[in-house]
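What follows is the content of input20.txt, which has compact mmCIF, C-alpha atoms:
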```txt
# COMPACT_ATOMS: atom_id res chain seq x y z
CA MET A 14 24.32 -21.76 -8.42
CA THR A 15 22.06 -22.73 -5.56
CA SER A 16 18.32 -22.67 -6.08
CA ARG A 17 17.55 -22.20 -2.40
CA ILE A 18 16.64 -18.55 -2.68
CA ASN A 19 14.95 -16.31 -0.17
CA ARG A 20 12.73 -14.75 -2.80
CA ARG A 21 10.95 -12.02 -0.92
CA ARG A 22 13.07 -10.78 1.96
CA PHE A 23 12.53 -7.10 1.37
CA ILE A 24 10.78 -5.99 4.53
CA GLY A 25 13.06 -4.29 7.01
CA ILE A 26 12.64 -4.22 10.76
CA SER A 27 9.41 -4.22 12.71
CA CYS A 28 8.78 -2.16 15.82
CA ALA A 29 7.42 -4.18 18.70
CA ALA A 30 5.98 -1.24 20.59
CA ALA A 31 5.73 2.51 20.62
CA GLY A 32 9.07 3.96 21.61
CA LEU A 33 10.97 0.83 20.60
CA SER A 34 11.92 1.63 17.03
CA LEU A 35 14.09 -0.81 15.12
CA LEU A 36 13.71 -3.65 17.56
CA PRO A 37 16.33 -6.27 16.62
CA PHE A 38 15.46 -9.92 16.04
CA HIS A 39 16.46 -12.06 18.98
CA ALA A 40 14.62 -14.83 20.78
CA GLY A 41 13.54 -14.29 24.35
CA ALA A 42 13.56 -10.50 24.25
CA SER A 43 10.50 -8.75 25.63
CA ALA A 44 9.23 -5.30 24.78
CA HIS A 45 6.58 -5.64 27.52
CA ASN A 46 6.38 -7.72 30.68
CA ASN A 47 3.80 -10.01 29.04
CA ALA A 48 5.45 -10.26 25.60
CA VAL A 49 7.19 -13.38 24.37
CA ILE A 50 9.17 -13.01 21.17
CA TRP A 51 10.00 -16.04 19.06
CA GLN A 52 12.55 -15.98 16.25
CA GLY A 53 13.04 -18.82 13.81
CA PHE A 54 12.57 -19.77 10.17
CA ALA A 55 9.60 -20.51 7.91
CA LEU A 56 10.11 -21.84 4.37
CA GLY A 57 13.81 -21.06 4.79
CA ALA A 58 13.21 -17.37 5.60
CA PRO A 59 13.69 -15.52 8.89
CA ALA A 60 10.49 -15.48 10.93
CA LYS A 61 9.36 -13.72 14.07
CA ILE A 62 6.29 -13.59 16.30
CA ILE A 63 5.74 -10.92 18.96
CA LEU A 64 3.15 -12.58 21.21
CA HIS A 65 1.38 -10.67 23.97
CA HIS A 66 -0.14 -13.02 26.54
CA PRO A 67 -0.86 -12.66 30.26
CA ASP A 68 0.60 -16.09 31.01
CA LYS A 69 4.20 -16.48 29.83
CA ARG A 70 4.20 -20.25 30.29
CA ALA A 71 1.01 -20.61 28.28
CA ALA A 72 2.48 -18.34 25.61
CA GLU A 73 5.60 -20.46 25.34
CA ALA A 74 3.47 -23.62 25.05
CA LEU A 75 1.44 -21.97 22.30
CA LEU A 76 4.61 -21.03 20.43
CA ARG A 77 5.73 -24.65 20.57
CA GLN A 78 2.43 -25.54 18.90
CA VAL A 79 3.07 -22.81 16.32
CA ARG A 80 6.52 -24.21 15.51
CA ALA A 81 5.07 -27.69 15.04
CA GLU A 82 2.38 -26.31 12.73
CA ILE A 83 4.95 -24.39 10.68
CA ALA A 84 6.97 -27.58 10.26
CA ARG A 85 3.85 -29.45 9.14
CA LEU A 86 2.98 -26.77 6.59
CA GLU A 87 6.55 -26.73 5.26
CA GLY A 88 6.05 -30.43 4.55
CA ILE A 89 3.30 -29.39 2.17
CA PHE A 90 4.55 -26.20 0.50
CA SER A 91 8.35 -26.25 0.52
CA LEU A 92 9.86 -26.14 -2.95
CA TYR A 93 13.22 -27.42 -1.68
CA ARG A 94 12.33 -30.23 0.71
CA PRO A 95 12.33 -33.41 -1.38
CA ASP A 96 9.69 -34.96 0.88
CA SER A 97 7.17 -32.11 0.54
CA GLU A 98 3.88 -32.52 -1.30
CA LEU A 99 4.85 -29.77 -3.74
CA ALA A 100 8.19 -31.43 -4.52
CA SER A 101 6.44 -34.75 -5.06
CA LEU A 102 3.92 -33.10 -7.41
CA ASN A 103 6.72 -31.47 -9.40
CA ARG A 104 8.59 -34.77 -9.74
CA SER A 105 5.68 -36.90 -10.91
CA GLY A 106 3.22 -34.41 -12.37
CA ALA A 107 0.44 -35.73 -10.16
CA LEU A 108 -0.39 -35.96 -6.47
CA ALA A 109 -3.06 -38.19 -4.93
CA MET A 110 -4.89 -37.19 -1.75
CA PRO A 111 -3.30 -33.76 -1.34
CA SER A 112 -3.57 -31.94 1.96
CA PRO A 113 -6.66 -29.71 2.27
CA GLU A 114 -4.36 -26.71 2.72
CA LEU A 115 -2.69 -27.31 -0.64
CA VAL A 116 -6.04 -27.56 -2.42
CA GLU A 117 -7.32 -24.44 -0.67
CA LEU A 118 -4.26 -22.46 -1.65
CA LEU A 119 -4.54 -23.58 -5.27
CA GLU A 120 -8.15 -22.36 -5.25
CA LYS A 121 -6.91 -18.98 -4.05
CA CYS A 122 -4.17 -19.00 -6.68
CA ARG A 123 -6.74 -19.59 -9.40
CA GLY A 124 -8.53 -16.44 -8.28
CA PHE A 125 -5.32 -14.38 -8.30
CA TRP A 126 -4.38 -15.83 -11.70
CA GLU A 127 -7.74 -14.90 -13.20
CA LYS A 128 -7.91 -11.40 -11.70
CA SER A 129 -4.31 -10.61 -12.70
CA GLY A 130 -4.86 -11.64 -16.31
CA GLY A 131 -2.44 -14.54 -15.87
CA LEU A 132 0.48 -12.48 -14.50
CA PHE A 133 0.27 -14.27 -11.16
CA ASP A 134 1.10 -17.80 -12.21
CA PRO A 135 2.57 -20.46 -9.89
CA THR A 136 3.63 -22.54 -12.91
CA ILE A 137 6.53 -20.19 -13.73
CA GLN A 138 9.03 -22.62 -12.15
CA PRO A 139 10.28 -23.80 -15.59
CA LEU A 140 11.19 -20.16 -16.36
CA TRP A 141 13.14 -19.99 -13.10
CA THR A 142 14.91 -23.24 -13.98
CA CYS A 143 15.68 -21.94 -17.49
CA LEU A 144 17.36 -18.81 -16.13
CA ALA A 145 19.22 -20.69 -13.41
CA ARG A 146 20.54 -23.20 -15.94
CA HIS A 147 21.57 -20.48 -18.37
CA PHE A 148 23.46 -18.29 -15.92
CA SER A 149 25.12 -21.18 -14.11
CA ALA A 150 26.81 -22.19 -17.37
CA GLU A 151 30.35 -21.03 -18.05
CA HIS A 152 30.52 -17.92 -20.27
CA ALA A 153 26.73 -17.47 -20.14
CA ALA A 154 25.43 -14.89 -22.61
CA ALA A 155 24.55 -11.69 -20.78
CA ALA A 156 21.44 -11.31 -22.96
CA GLY A 157 19.91 -14.35 -21.28
CA PRO A 158 18.43 -17.56 -22.68
CA SER A 159 17.87 -17.92 -26.40
CA ALA A 160 14.42 -17.44 -27.91
CA GLN A 161 14.16 -21.19 -28.35
CA GLU A 162 15.02 -21.88 -24.70
CA LEU A 163 12.53 -19.27 -23.53
CA GLN A 164 9.76 -20.63 -25.74
CA GLN A 165 10.41 -24.15 -24.48
CA ALA A 166 10.16 -23.01 -20.86
CA GLN A 167 7.03 -20.96 -21.55
CA SER A 168 5.36 -23.97 -23.18
CA LEU A 169 5.48 -25.61 -19.74
CA THR A 170 3.68 -22.75 -17.98
CA GLY A 171 0.01 -21.86 -17.59
CA PHE A 172 -2.11 -22.29 -14.49
CA ASP A 173 -5.03 -23.37 -16.67
CA ALA A 174 -3.08 -26.62 -17.17
CA VAL A 175 -3.27 -27.44 -13.45
CA ARG A 176 -6.30 -29.56 -12.55
CA PHE A 177 -7.07 -30.15 -8.91
CA SER A 178 -9.70 -31.43 -6.53
CA LYS A 179 -9.70 -32.67 -2.95
CA ASP A 180 -8.66 -36.08 -4.29
CA ARG A 181 -5.94 -35.30 -6.83
CA ILE A 182 -3.73 -32.65 -8.44
CA VAL A 183 -2.53 -33.20 -12.01
CA PHE A 184 -0.45 -31.26 -14.54
CA ASP A 185 -1.93 -31.49 -18.04
CA ARG A 186 1.50 -31.38 -19.68
CA PRO A 187 4.66 -33.37 -18.91
CA HIS A 188 7.59 -31.59 -17.20
CA MET A 189 5.50 -28.79 -15.73
CA ALA A 190 6.40 -27.57 -12.23
CA MET A 191 5.00 -25.12 -9.72
CA THR A 192 6.44 -22.77 -7.16
CA LEU A 193 4.24 -21.35 -4.42
CA ASN A 194 6.97 -19.06 -3.11
CA GLY A 195 4.97 -16.04 -4.26
CA VAL A 196 2.04 -16.86 -1.99
CA ALA A 197 2.77 -19.70 0.47
CA GLN A 198 4.52 -17.52 3.03
CA GLY A 199 1.49 -15.26 3.16
CA TYR A 200 -0.86 -18.24 3.40
CA ILE A 201 1.13 -19.82 6.23
CA THR A 202 1.19 -16.44 7.98
CA ASP A 203 -2.62 -16.36 7.81
CA LEU A 204 -2.97 -19.91 9.13
CA ILE A 205 -0.66 -19.26 12.07
CA THR A 206 -2.38 -15.96 12.83
CA GLN A 207 -5.74 -17.77 12.88
CA LEU A 208 -4.31 -20.45 15.17
CA LEU A 209 -3.25 -17.74 17.64
CA ALA A 210 -6.61 -15.99 17.37
CA ASP A 211 -8.41 -19.29 18.05
CA HIS A 212 -6.50 -19.42 21.35
CA GLY A 213 -7.71 -15.99 22.32
CA VAL A 214 -4.52 -14.13 21.43
CA THR A 215 -4.74 -10.44 20.57
CA ASN A 216 -2.25 -7.56 20.19
CA THR A 217 0.24 -9.74 18.35
CA LEU A 218 2.43 -9.36 15.26
CA VAL A 219 3.25 -12.37 13.08
CA ASN A 220 6.08 -12.28 10.53
CA LEU A 221 6.50 -15.55 8.64
CA GLY A 222 7.90 -14.01 5.50
CA GLU A 223 4.97 -11.60 5.31
CA TYR A 224 3.44 -9.58 8.14
CA ARG A 225 0.01 -9.89 9.72
CA SER A 226 -1.19 -8.27 12.90
CA LEU A 227 -3.85 -9.29 15.38
CA ASP A 228 -5.37 -6.00 16.47
CA LYS A 229 -3.16 -3.09 17.47
CA GLN A 230 -0.32 -2.98 19.99
CA PRO A 231 -1.27 -3.29 23.67
CA ASP A 232 -1.10 0.49 24.10
CA GLY A 233 -3.68 0.96 21.32
CA THR A 234 -1.28 2.26 18.68
CA PRO A 235 -0.81 0.58 15.28
CA TRP A 236 2.11 -1.70 14.63
CA GLN A 237 4.91 0.17 12.85
CA ILE A 238 6.62 -1.73 10.02
CA GLY A 239 9.89 -0.46 8.61
CA ILE A 240 10.31 -0.95 4.87
CA ALA A 241 13.71 -1.33 3.22
CA ASP A 242 15.03 -2.86 0.00
CA LEU A 243 16.87 -5.58 1.90
CA GLU A 244 16.87 -6.87 5.46
CA THR A 245 20.55 -5.95 5.68
CA ASP A 246 19.79 -2.26 5.18
CA PRO A 247 20.68 -0.43 8.42
CA GLN A 248 17.61 1.84 8.39
CA PRO A 249 14.15 1.63 6.80
CA ASP A 250 13.31 4.31 4.28
CA ALA A 251 9.60 4.25 5.10
CA MET A 252 7.30 3.28 7.98
CA LEU A 253 3.82 1.80 7.45
CA GLN A 254 1.13 0.93 9.97
CA LEU A 255 -0.81 -2.28 10.57
CA SER A 256 -3.96 -2.68 12.66
CA GLY A 257 -5.45 -6.12 12.12
CA ASN A 258 -4.33 -6.41 8.49
CA ALA A 259 -1.31 -7.65 6.52
CA LEU A 260 1.67 -6.41 4.54
CA ALA A 261 3.94 -7.89 1.86
CA THR A 262 6.71 -6.43 -0.25
CA SER A 263 8.38 -7.42 -3.53
CA GLY A 264 11.43 -6.02 -5.26
CA GLY A 265 13.97 -7.16 -7.79
CA ALA A 266 16.91 -6.54 -5.47
CA GLY A 267 16.17 -9.69 -3.50
CA PHE A 268 17.73 -12.11 -5.98
CA ARG A 269 19.41 -11.63 -9.34
CA PHE A 270 20.49 -14.35 -11.70
CA ASP A 271 23.17 -12.31 -13.46
CA PRO A 272 25.95 -9.96 -12.24
CA ASP A 273 24.40 -6.97 -14.04
CA GLY A 274 21.04 -7.47 -12.35
CA HIS A 275 18.98 -7.57 -15.54
CA PHE A 276 17.33 -10.87 -14.56
CA ASN A 277 15.66 -11.20 -11.16
CA HIS A 278 13.11 -13.45 -9.48
CA LEU A 279 10.04 -11.42 -10.55
CA LEU A 280 9.28 -13.41 -13.68
CA ASN A 281 6.72 -12.42 -16.30
CA PRO A 282 5.01 -15.55 -17.68
CA LYS A 283 3.86 -13.56 -20.71
CA ALA A 284 7.28 -12.20 -21.71
CA ALA A 285 7.72 -11.99 -25.48
CA ASN A 286 11.51 -12.21 -25.18
CA SER A 287 14.28 -12.55 -22.60
CA HIS A 288 14.54 -8.78 -22.24
CA GLU A 289 10.98 -8.68 -20.84
CA LEU A 290 11.31 -11.78 -18.66
CA SER A 291 12.18 -10.04 -15.37
CA SER A 292 10.49 -6.99 -13.93
CA SER A 293 12.47 -3.94 -12.86
CA ARG A 294 9.58 -1.49 -13.21
CA TYR A 295 9.64 -0.68 -9.48
CA GLN A 296 12.50 -0.71 -7.04
CA ARG A 297 10.01 -1.98 -4.51
CA LEU A 298 6.27 -2.53 -4.30
CA THR A 299 4.37 -3.00 -1.03
CA VAL A 300 0.80 -4.17 -0.57
CA ILE A 301 -1.32 -3.76 2.56
CA ALA A 302 -4.37 -6.03 2.43
CA PRO A 303 -6.86 -7.65 4.82
CA ASP A 304 -4.93 -10.95 4.76
CA ALA A 305 -1.34 -11.97 4.12
CA THR A 306 -2.20 -14.42 1.32
CA SER A 307 -3.67 -11.61 -0.77
CA ALA A 308 -0.91 -9.17 0.13
CA ASP A 309 1.72 -11.73 -0.86
CA ALA A 310 0.15 -12.68 -4.19
CA TRP A 311 -0.65 -9.13 -5.25
CA ALA A 312 2.81 -7.87 -4.32
CA THR A 313 4.08 -10.33 -6.92
CA ALA A 314 1.47 -9.65 -9.59
CA PHE A 315 1.43 -5.86 -9.26
CA SER A 316 5.22 -5.78 -9.66
CA LEU A 317 4.67 -6.91 -13.25
CA MET A 318 2.02 -4.29 -14.07
CA GLU A 319 1.92 -0.70 -15.17
CA GLN A 320 0.46 1.70 -12.62
CA ALA A 321 -2.75 2.12 -14.62
CA GLU A 322 -3.31 -1.65 -14.55
CA ILE A 323 -2.81 -1.72 -10.78
CA ARG A 324 -5.26 1.14 -10.28
CA ALA A 325 -7.91 -0.64 -12.35
CA ILE A 326 -7.71 -3.73 -10.12
CA LEU A 327 -7.63 -1.67 -6.91
CA GLN A 328 -10.97 -0.12 -7.88
CA ASN A 329 -12.60 -3.33 -6.63
CA MET A 330 -10.31 -3.79 -3.60
CA SER A 331 -11.18 -0.94 -1.26
CA ALA A 332 -9.37 -2.44 1.74
CA THR A 333 -6.09 -2.84 -0.19
CA SER A 334 -3.44 -0.17 -0.71
CA VAL A 335 -0.22 -0.19 -2.73
CA TYR A 336 3.02 1.70 -2.16
CA ILE A 337 5.71 1.90 -4.81
CA LYS A 338 9.29 3.09 -4.89
CA THR A 339 10.87 4.23 -8.13
CA GLU A 340 14.20 5.84 -8.85
CA LYS A 341 12.42 8.89 -10.27
CA ASP A 342 9.69 9.50 -7.67
CA GLY A 343 10.95 7.74 -4.56
CA PHE A 344 8.53 6.05 -2.15
CA GLN A 345 4.84 6.91 -2.47
CA ARG A 346 1.34 5.51 -2.13
CA LEU A 347 -0.26 4.70 -5.44
CA LYS A 348 -3.34 6.89 -5.80
CA VAL A 349 -6.46 5.19 -7.10
```
Would it be possible to restate this file's structure as structure tokens?
Amino acid sequence: MTSRINRRRFIGISCAAAGLSLLPFHAGASAHNNAVIWQGFALGAPAKIILHHPDKRAAEALLRQVRAEIARLEGIFSLYRPDSELASLNRSGALAMPSPELVELLEKCRGFWEKSGGLFDPTIQPLWTCLARHFSAEHAAAAGPSAQELQQAQSLTGFDAVRFSKDRIVFDRPHMAMTLNGVAQGYITDLITQLLADHGVTNTLVNLGEYRSLDKQPDGTPWQIGIADLETDPQPDAMLQLSGNALATSGGAGFRFDPDGHFNHLLNPKAANSHELSSSRYQRLTVIAPDATSADAWATAFSLMEQAEIRAILQNMSATSVYIKTEKDGFQRLKV
């Protein structure tokens, strides 16, 4: 079984402009005379930027700068590149002189971890490894890992065991490991969006695993984002609007460890047994927030919560909204 998993590819197709629904991904296409559309990859996931700029040559030069910055950030946050800072930290349990971006993101993660009651926890990587090892074995038990295996993996989790400063990051316990896949794509999306804004760019949509918009579309209408369970779905089953904010989606259909789909990538660090380890409470959960980092992290954490728990947290997040899809009720906004 490969561990190179696209963990959160649940957003469907974005509309580049009014009247151009379901715009396909392809480099060089232009919805407007002054639009340059770049398609590529970020952290192994499909990425796309719809850049509106009066000077096409300047826009293309700026996109080259964006690509270089994405590559630099992947060298920090990639879980699968052996030369990344995160991979080095996971191998040795410590990292000297980490990049400022890594420290900043860990600070943000600490806030999400605290506010979510520990459900958002980047140190769940040992749980992922436990499931991957179990289901890659021949004749793996459908019930999942044994209680002993689960307890061993859980003993290696806990964000409170991650100590960090601008000079050093250290795991308090041997054999711990982190994944930032539940937040790094949103964080990189924010950094790239800020880079574009610093160059005077407006009316632009950035999709680097999560969506963030700079203002509205050039005609003054919001960006229309199609939501589907998988990118391969031919049509979105809902459309949401962005105007200077961000969107992220999580759902268990993205990756499943077992053929029956009982174990997916949405892992509960507080699970009492294997049956509770993966979340299937919602078919899909979407968060719209002021920034993509927050949308990304909360899309993960909220997927593990009951609706009442989500509502309680949203009471203090007036600029954030949540949409859920369940088999019983379909797609709806969660009322606070």
Can you tell me, as a PDB file with C-alpha atoms, keeping the file's coordinate frame, what residues are no more than 6 Å from region 110-116 of chain A when counting all atoms listed in the file, ignoring any on the same chain fewer than 3 positions away?
```pdb
ATOM      1  CA  LEU A 119      -4.540 -23.580  -5.270  1.00  0.00           C
ATOM      2  CA  ASP A 180      -8.660 -36.080  -4.290  1.00  0.00           C
ATOM      3  CA  ARG A 181      -5.940 -35.300  -6.830  1.00  0.00           C
TER       4      ARG A 181
END
```
Q. Using all atoms listed in the file, which of A:Trp311, A:Phe172, A:Phe133, A:Phe344 sits nearest Gly199 (chain A)?
A. A:Trp311
Sorted by chain and rising residue number, which residues of region 54-133 of chain A lie within 12 Å of region 230-238 of chain A, and what are their closest atom pairs and distances in Å to one decimal, counting only C-alpha atoms, as CSV?
```
residue,atom,partner,partner_atom,distance
A:Ile63,CA,A:Gln230,CA,10.0
A:Leu64,CA,A:Gln230,CA,10.3
A:His65,CA,A:Pro231,CA,7.8
A:His66,CA,A:Pro231,CA,10.2
A:Pro67,CA,A:Pro231,CA,11.5
```
Q: Give me the residues within 12 Å of Thr306 (chain A) as a ChimeraX atom specification, counting all atoms listed in the file and dropping any in the same chain fewer than 6 places off.
A: /A:117-122,124-125,193-206,221-225,258-261,300,312-313
Q.
Quick check, in Å to one decimal: how far apart do CA of Phe270 (chain A) and CA of Leu144 (chain A) lie?
A.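 It comes out at 7.0 Å.
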Q.
Just want the 12 Å neighbourhood of Val79 (chain A), counted on only C-alpha atoms, with same-chain residues fewer than 3 positions away dropped. Output as a PyMOL selection string.
A. chain A and resi 51-55+60-62+64+72-76+82-86+201-202+204-210+212+219+221
**Q.** Which of A:Ala160, A:Met191, A:Leu317, A:Cys143 sits closest to Gly131 (chain A) [using all atoms listed in the file]
**A.** A:Leu317
Q) Taking only C-alpha atoms into account, which of A:Thr215, A:Asn281, A:Gln165, A:Ser287 comes nearest Gly130 (chain A)? A)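 Closest residue, counting only C-alpha atoms: A:Asn281.
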Q. Can you tell me how far CA of Ser178 (chain A) sits from CA of Ser129 (chain A), in Å to one decimal?
A.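 Separating CA of Ser178 (chain A) from CA of Ser129 (chain A) is a distance of 22.4 Å.
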**Q.** Coordinates-based distance that separates CA of Ser292 (chain A) from CA of Asn277 (chain A) (Å, one decimal)
**A.** 7.2 Å
